[in-house]
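*Asks:* Below is structure.txt; it holds compact mmCIF, N, CA and C atoms.
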# COMPACT_ATOMS: atom_id res chain seq x y z
N MET A 1 62.38 21.74 36.52
CA MET A 1 62.00 20.42 36.97
C MET A 1 60.68 20.50 37.74
N SER A 2 59.92 19.47 37.64
CA SER A 2 58.62 19.43 38.28
C SER A 2 58.72 19.45 39.79
N VAL A 3 57.79 20.14 40.41
CA VAL A 3 57.76 20.15 41.87
C VAL A 3 57.33 18.79 42.42
N ALA A 4 56.79 17.93 41.56
CA ALA A 4 56.39 16.60 42.02
C ALA A 4 57.58 15.65 42.10
N PHE A 5 58.70 16.01 41.46
CA PHE A 5 59.88 15.14 41.51
C PHE A 5 60.57 15.31 42.85
N VAL A 6 60.65 14.23 43.58
CA VAL A 6 61.28 14.26 44.89
C VAL A 6 62.23 13.08 44.97
N PRO A 7 63.48 13.30 45.38
CA PRO A 7 64.40 12.18 45.52
C PRO A 7 63.88 11.17 46.55
N ASP A 8 64.31 9.93 46.39
CA ASP A 8 63.84 8.86 47.29
C ASP A 8 64.05 9.19 48.76
N TRP A 9 65.18 9.80 49.09
CA TRP A 9 65.49 10.06 50.49
C TRP A 9 64.60 11.15 51.10
N LEU A 10 63.87 11.90 50.25
CA LEU A 10 62.96 12.92 50.76
C LEU A 10 61.49 12.51 50.69
N ARG A 11 61.22 11.39 50.05
CA ARG A 11 59.82 10.97 49.88
C ARG A 11 59.14 10.77 51.23
N GLY A 12 57.92 11.28 51.32
CA GLY A 12 57.15 11.15 52.54
C GLY A 12 57.47 12.20 53.59
N LYS A 13 58.44 13.05 53.34
CA LYS A 13 58.84 14.06 54.32
C LYS A 13 58.38 15.46 53.93
N ALA A 14 57.95 15.61 52.71
CA ALA A 14 57.50 16.92 52.25
C ALA A 14 56.11 17.22 52.79
N GLU A 15 55.91 18.45 53.15
CA GLU A 15 54.60 18.86 53.64
C GLU A 15 53.74 19.27 52.45
N VAL A 16 52.61 18.64 52.31
CA VAL A 16 51.69 18.96 51.23
C VAL A 16 50.72 20.01 51.75
N ASN A 17 50.71 21.15 51.08
CA ASN A 17 49.80 22.21 51.48
C ASN A 17 49.13 22.79 50.23
N GLN A 18 48.26 23.73 50.44
CA GLN A 18 47.51 24.31 49.33
C GLN A 18 48.43 24.99 48.31
N GLU A 19 49.51 25.59 48.78
CA GLU A 19 50.45 26.26 47.88
C GLU A 19 51.12 25.26 46.93
N THR A 20 51.53 24.12 47.47
CA THR A 20 52.15 23.09 46.65
C THR A 20 51.18 22.57 45.60
N ILE A 21 49.96 22.32 46.01
CA ILE A 21 48.94 21.83 45.08
C ILE A 21 48.67 22.87 44.00
N GLN A 22 48.58 24.14 44.39
CA GLN A 22 48.33 25.20 43.42
C GLN A 22 49.47 25.31 42.42
N ARG A 23 50.72 25.19 42.89
CA ARG A 23 51.87 25.24 41.98
C ARG A 23 51.84 24.09 40.99
N LEU A 24 51.44 22.91 41.46
CA LEU A 24 51.33 21.77 40.56
C LEU A 24 50.25 21.99 39.51
N LEU A 25 49.12 22.54 39.93
CA LEU A 25 48.04 22.81 38.98
C LEU A 25 48.46 23.84 37.94
N GLU A 26 49.18 24.86 38.36
CA GLU A 26 49.67 25.87 37.42
C GLU A 26 50.71 25.27 36.48
N GLU A 27 51.58 24.42 37.02
CA GLU A 27 52.56 23.76 36.17
C GLU A 27 51.88 22.86 35.15
N ASN A 28 50.85 22.14 35.58
CA ASN A 28 50.10 21.29 34.66
C ASN A 28 49.47 22.10 33.54
N ASP A 29 48.96 23.27 33.87
CA ASP A 29 48.38 24.15 32.85
C ASP A 29 49.44 24.53 31.82
N GLN A 30 50.63 24.89 32.26
CA GLN A 30 51.71 25.24 31.35
C GLN A 30 52.13 24.04 30.51
N LEU A 31 52.21 22.88 31.14
CA LEU A 31 52.59 21.67 30.41
C LEU A 31 51.58 21.35 29.31
N ILE A 32 50.31 21.47 29.62
CA ILE A 32 49.26 21.19 28.63
C ILE A 32 49.38 22.15 27.46
N HIS A 33 49.64 23.43 27.74
CA HIS A 33 49.80 24.40 26.65
C HIS A 33 51.01 24.05 25.78
N CYS A 34 52.11 23.64 26.39
CA CYS A 34 53.30 23.25 25.63
C CYS A 34 53.02 22.02 24.78
N ILE A 35 52.34 21.04 25.36
CA ILE A 35 52.01 19.82 24.63
C ILE A 35 51.14 20.13 23.41
N VAL A 36 50.12 20.94 23.62
CA VAL A 36 49.22 21.31 22.52
C VAL A 36 49.98 22.08 21.44
N GLU A 37 50.85 22.99 21.86
CA GLU A 37 51.63 23.78 20.90
C GLU A 37 52.53 22.88 20.04
N TYR A 38 53.22 21.96 20.68
CA TYR A 38 54.07 21.03 19.92
C TYR A 38 53.25 20.17 18.98
N GLN A 39 52.11 19.68 19.44
CA GLN A 39 51.27 18.85 18.60
C GLN A 39 50.73 19.63 17.41
N ASN A 40 50.35 20.88 17.64
CA ASN A 40 49.85 21.72 16.54
C ASN A 40 50.91 22.01 15.50
N LYS A 41 52.17 22.01 15.92
CA LYS A 41 53.27 22.23 14.99
C LYS A 41 53.74 20.93 14.34
N GLY A 42 53.06 19.83 14.64
CA GLY A 42 53.42 18.55 14.06
C GLY A 42 54.67 17.95 14.67
N ARG A 43 55.01 18.37 15.88
CA ARG A 43 56.20 17.88 16.56
C ARG A 43 55.81 17.07 17.80
N ALA A 44 54.94 16.10 17.57
CA ALA A 44 54.40 15.31 18.67
C ALA A 44 55.49 14.54 19.42
N ASN A 45 56.51 14.08 18.71
CA ASN A 45 57.58 13.32 19.38
C ASN A 45 58.30 14.17 20.42
N GLU A 46 58.38 15.47 20.19
CA GLU A 46 59.11 16.35 21.10
C GLU A 46 58.32 16.69 22.37
N CYS A 47 57.05 16.39 22.38
CA CYS A 47 56.25 16.73 23.57
C CYS A 47 56.17 15.57 24.55
N VAL A 48 56.81 14.45 24.24
CA VAL A 48 56.73 13.28 25.10
C VAL A 48 57.28 13.57 26.50
N GLN A 49 58.38 14.31 26.58
CA GLN A 49 58.94 14.62 27.89
C GLN A 49 57.96 15.41 28.75
N TYR A 50 57.22 16.32 28.12
CA TYR A 50 56.22 17.10 28.86
C TYR A 50 55.06 16.22 29.29
N GLN A 51 54.70 15.26 28.44
CA GLN A 51 53.63 14.34 28.79
C GLN A 51 54.01 13.48 29.99
N HIS A 52 55.27 13.10 30.07
CA HIS A 52 55.74 12.30 31.22
C HIS A 52 55.66 13.11 32.52
N VAL A 53 56.07 14.36 32.46
CA VAL A 53 56.02 15.21 33.66
C VAL A 53 54.56 15.44 34.06
N LEU A 54 53.71 15.71 33.08
CA LEU A 54 52.28 15.90 33.36
C LEU A 54 51.69 14.65 33.99
N HIS A 55 52.02 13.50 33.45
CA HIS A 55 51.52 12.24 34.01
C HIS A 55 51.98 12.06 35.45
N ARG A 56 53.25 12.33 35.73
CA ARG A 56 53.78 12.21 37.09
C ARG A 56 53.05 13.16 38.03
N ASN A 57 52.83 14.40 37.58
CA ASN A 57 52.11 15.38 38.41
C ASN A 57 50.68 14.91 38.70
N LEU A 58 50.01 14.39 37.68
CA LEU A 58 48.62 13.95 37.86
C LEU A 58 48.54 12.76 38.82
N ILE A 59 49.49 11.85 38.71
CA ILE A 59 49.51 10.71 39.62
C ILE A 59 49.75 11.19 41.05
N TYR A 60 50.67 12.13 41.21
CA TYR A 60 50.96 12.68 42.53
C TYR A 60 49.73 13.35 43.13
N LEU A 61 49.03 14.17 42.32
CA LEU A 61 47.82 14.84 42.80
C LEU A 61 46.72 13.84 43.15
N ALA A 62 46.60 12.79 42.34
CA ALA A 62 45.60 11.76 42.61
C ALA A 62 45.91 11.03 43.91
N THR A 63 47.19 10.80 44.15
CA THR A 63 47.61 10.13 45.39
C THR A 63 47.27 10.98 46.60
N ILE A 64 47.50 12.28 46.48
CA ILE A 64 47.16 13.20 47.56
C ILE A 64 45.65 13.19 47.80
N ALA A 65 44.89 13.24 46.72
CA ALA A 65 43.42 13.25 46.84
C ALA A 65 42.92 11.95 47.47
N ASP A 66 43.50 10.83 47.08
CA ASP A 66 43.08 9.54 47.63
C ASP A 66 43.41 9.43 49.12
N ALA A 67 44.50 10.07 49.53
CA ALA A 67 44.92 9.99 50.93
C ALA A 67 44.19 10.98 51.83
N SER A 68 43.38 11.84 51.23
CA SER A 68 42.69 12.88 51.99
C SER A 68 41.21 12.53 52.11
N PRO A 69 40.80 11.92 53.21
CA PRO A 69 39.39 11.55 53.37
C PRO A 69 38.47 12.77 53.53
N THR A 70 38.98 13.89 54.00
CA THR A 70 38.12 15.05 54.19
C THR A 70 37.65 15.65 52.88
N SER A 71 38.45 15.57 51.83
CA SER A 71 38.03 16.15 50.55
C SER A 71 36.84 15.39 49.98
N THR A 72 36.79 14.08 50.18
CA THR A 72 35.68 13.29 49.69
C THR A 72 34.40 13.59 50.45
N SER A 73 34.50 13.70 51.77
CA SER A 73 33.30 13.94 52.56
C SER A 73 32.75 15.34 52.32
N LYS A 74 33.63 16.32 52.10
CA LYS A 74 33.17 17.68 51.83
C LYS A 74 32.49 17.77 50.47
N ALA A 75 33.03 17.04 49.48
CA ALA A 75 32.43 17.07 48.15
C ALA A 75 31.05 16.43 48.13
N MET A 76 30.82 15.47 48.99
CA MET A 76 29.54 14.78 49.03
C MET A 76 28.46 15.61 49.67
N GLU A 77 28.83 16.58 50.50
CA GLU A 77 27.82 17.37 51.23
C GLU A 77 27.13 18.39 50.38
Give the structure from this file in structure tokens form.
*Replies:*
Amino acid sequence: MSVAFVPDWLRGKAEVNQETIQRLLEENDQLIHCIVEYQNKGRANECVQYQHVLHRNLIYLATIADASPTSTSKAME
């Protein structure tokens, strides 16, 4: 299961750190490889579940990035 999946009662209580972000990025890499492999085998319908997890992870990472004003200011420098 994706590390981005968090039950409602735990939402907002998890500590976001570099390790969590790195694990998500590594998971996304694996998901992309699985999606490409299924598509290359002509089994696009079977990769939908992986696409959903990837989408959830990307939304989660985007939310973290949007909530972090320091990352924007550092990138601009």
*Asks:* Figure out the distance between CA of Asn28 in chain A and atom N of Asn57 in chain A, please, to one decimal in Å.
*Replies:*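 Rounded to one decimal, the two atoms are 8.0 Å apart.
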*Asks:* Find the residues around Leu54 in chain A up to 8 Å (all atoms listed in the file counted), leave out those fewer than 6 positions away in its own chain, and share them as a ChimeraX atom specification.
*Replies:* /A:27-28,31-32,48,60
*Asks:* By how many Å are atom C of Gln51 in chain A and atom C of Ser68 in chain A apart?
*Replies:*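 So the answer is 25.6 Å.
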*Asks:* Report, in Å to a single decimal, how far apart CA of Cys34 in chain A and atom N of Cys47 in chain A are.
*Replies:*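 Interatomic distance, atom N of Cys47 in chain A to CA of Cys34 in chain A: 8.5 Å.
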*Asks:* Export N, CA and C atoms of range 14-25 of chain A from the structure just given, as an mmCIF file, in the first residue's frame?
*Replies:*
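And here is the file that came out, out-v5.cif:
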data_model
loop_
_atom_site.group_PDB
_atom_site.id
_atom_site.type_symbol
_atom_site.label_atom_id
_atom_site.label_comp_id
_atom_site.auth_asym_id
_atom_site.auth_seq_id
_atom_site.Cartn_x
_atom_site.Cartn_y
_atom_site.Cartn_z
ATOM 1 N N ALA A 14 0.764 13.147 10.675
ATOM 2 C CA ALA A 14 2.014 12.531 10.239
ATOM 3 C C ALA A 14 3.079 13.605 10.040
ATOM 4 N N GLU A 15 4.276 13.271 10.410
ATOM 5 C CA GLU A 15 5.386 14.199 10.221
ATOM 6 C C GLU A 15 5.969 13.985 8.830
ATOM 7 N N VAL A 16 5.999 15.036 8.054
ATOM 8 C CA VAL A 16 6.558 14.963 6.711
ATOM 9 C C VAL A 16 8.030 15.332 6.805
ATOM 10 N N ASN A 17 8.878 14.406 6.390
ATOM 11 C CA ASN A 17 10.309 14.673 6.411
ATOM 12 C C ASN A 17 10.919 14.210 5.095
ATOM 13 N N GLN A 18 12.195 14.415 4.961
ATOM 14 C CA GLN A 18 12.883 14.076 3.714
ATOM 15 C C GLN A 18 12.794 12.581 3.412
ATOM 16 N N GLU A 19 12.826 11.755 4.442
ATOM 17 C CA GLU A 19 12.749 10.300 4.240
ATOM 18 C C GLU A 19 11.402 9.896 3.640
ATOM 19 N N THR A 20 10.324 10.481 4.140
ATOM 20 C CA THR A 20 8.993 10.188 3.617
ATOM 21 C C THR A 20 8.882 10.609 2.160
ATOM 22 N N ILE A 21 9.373 11.788 1.859
ATOM 23 C CA ILE A 21 9.330 12.288 0.486
ATOM 24 C C ILE A 21 10.161 11.397 -0.428
ATOM 25 N N GLN A 22 11.335 10.978 0.029
ATOM 26 C CA GLN A 22 12.191 10.113 -0.777
ATOM 27 C C GLN A 22 11.517 8.772 -1.036
ATOM 28 N N ARG A 23 10.851 8.207 -0.021
ATOM 29 C CA ARG A 23 10.145 6.930 -0.196
ATOM 30 C C ARG A 23 9.019 7.067 -1.216
ATOM 31 N N LEU A 24 8.326 8.196 -1.181
ATOM 32 C CA LEU A 24 7.272 8.430 -2.161
ATOM 33 C C LEU A 24 7.838 8.538 -3.572
ATOM 34 N N LEU A 25 8.945 9.234 -3.712
ATOM 35 C CA LEU A 25 9.571 9.369 -5.029
ATOM 36 C C LEU A 25 10.036 8.019 -5.561
#
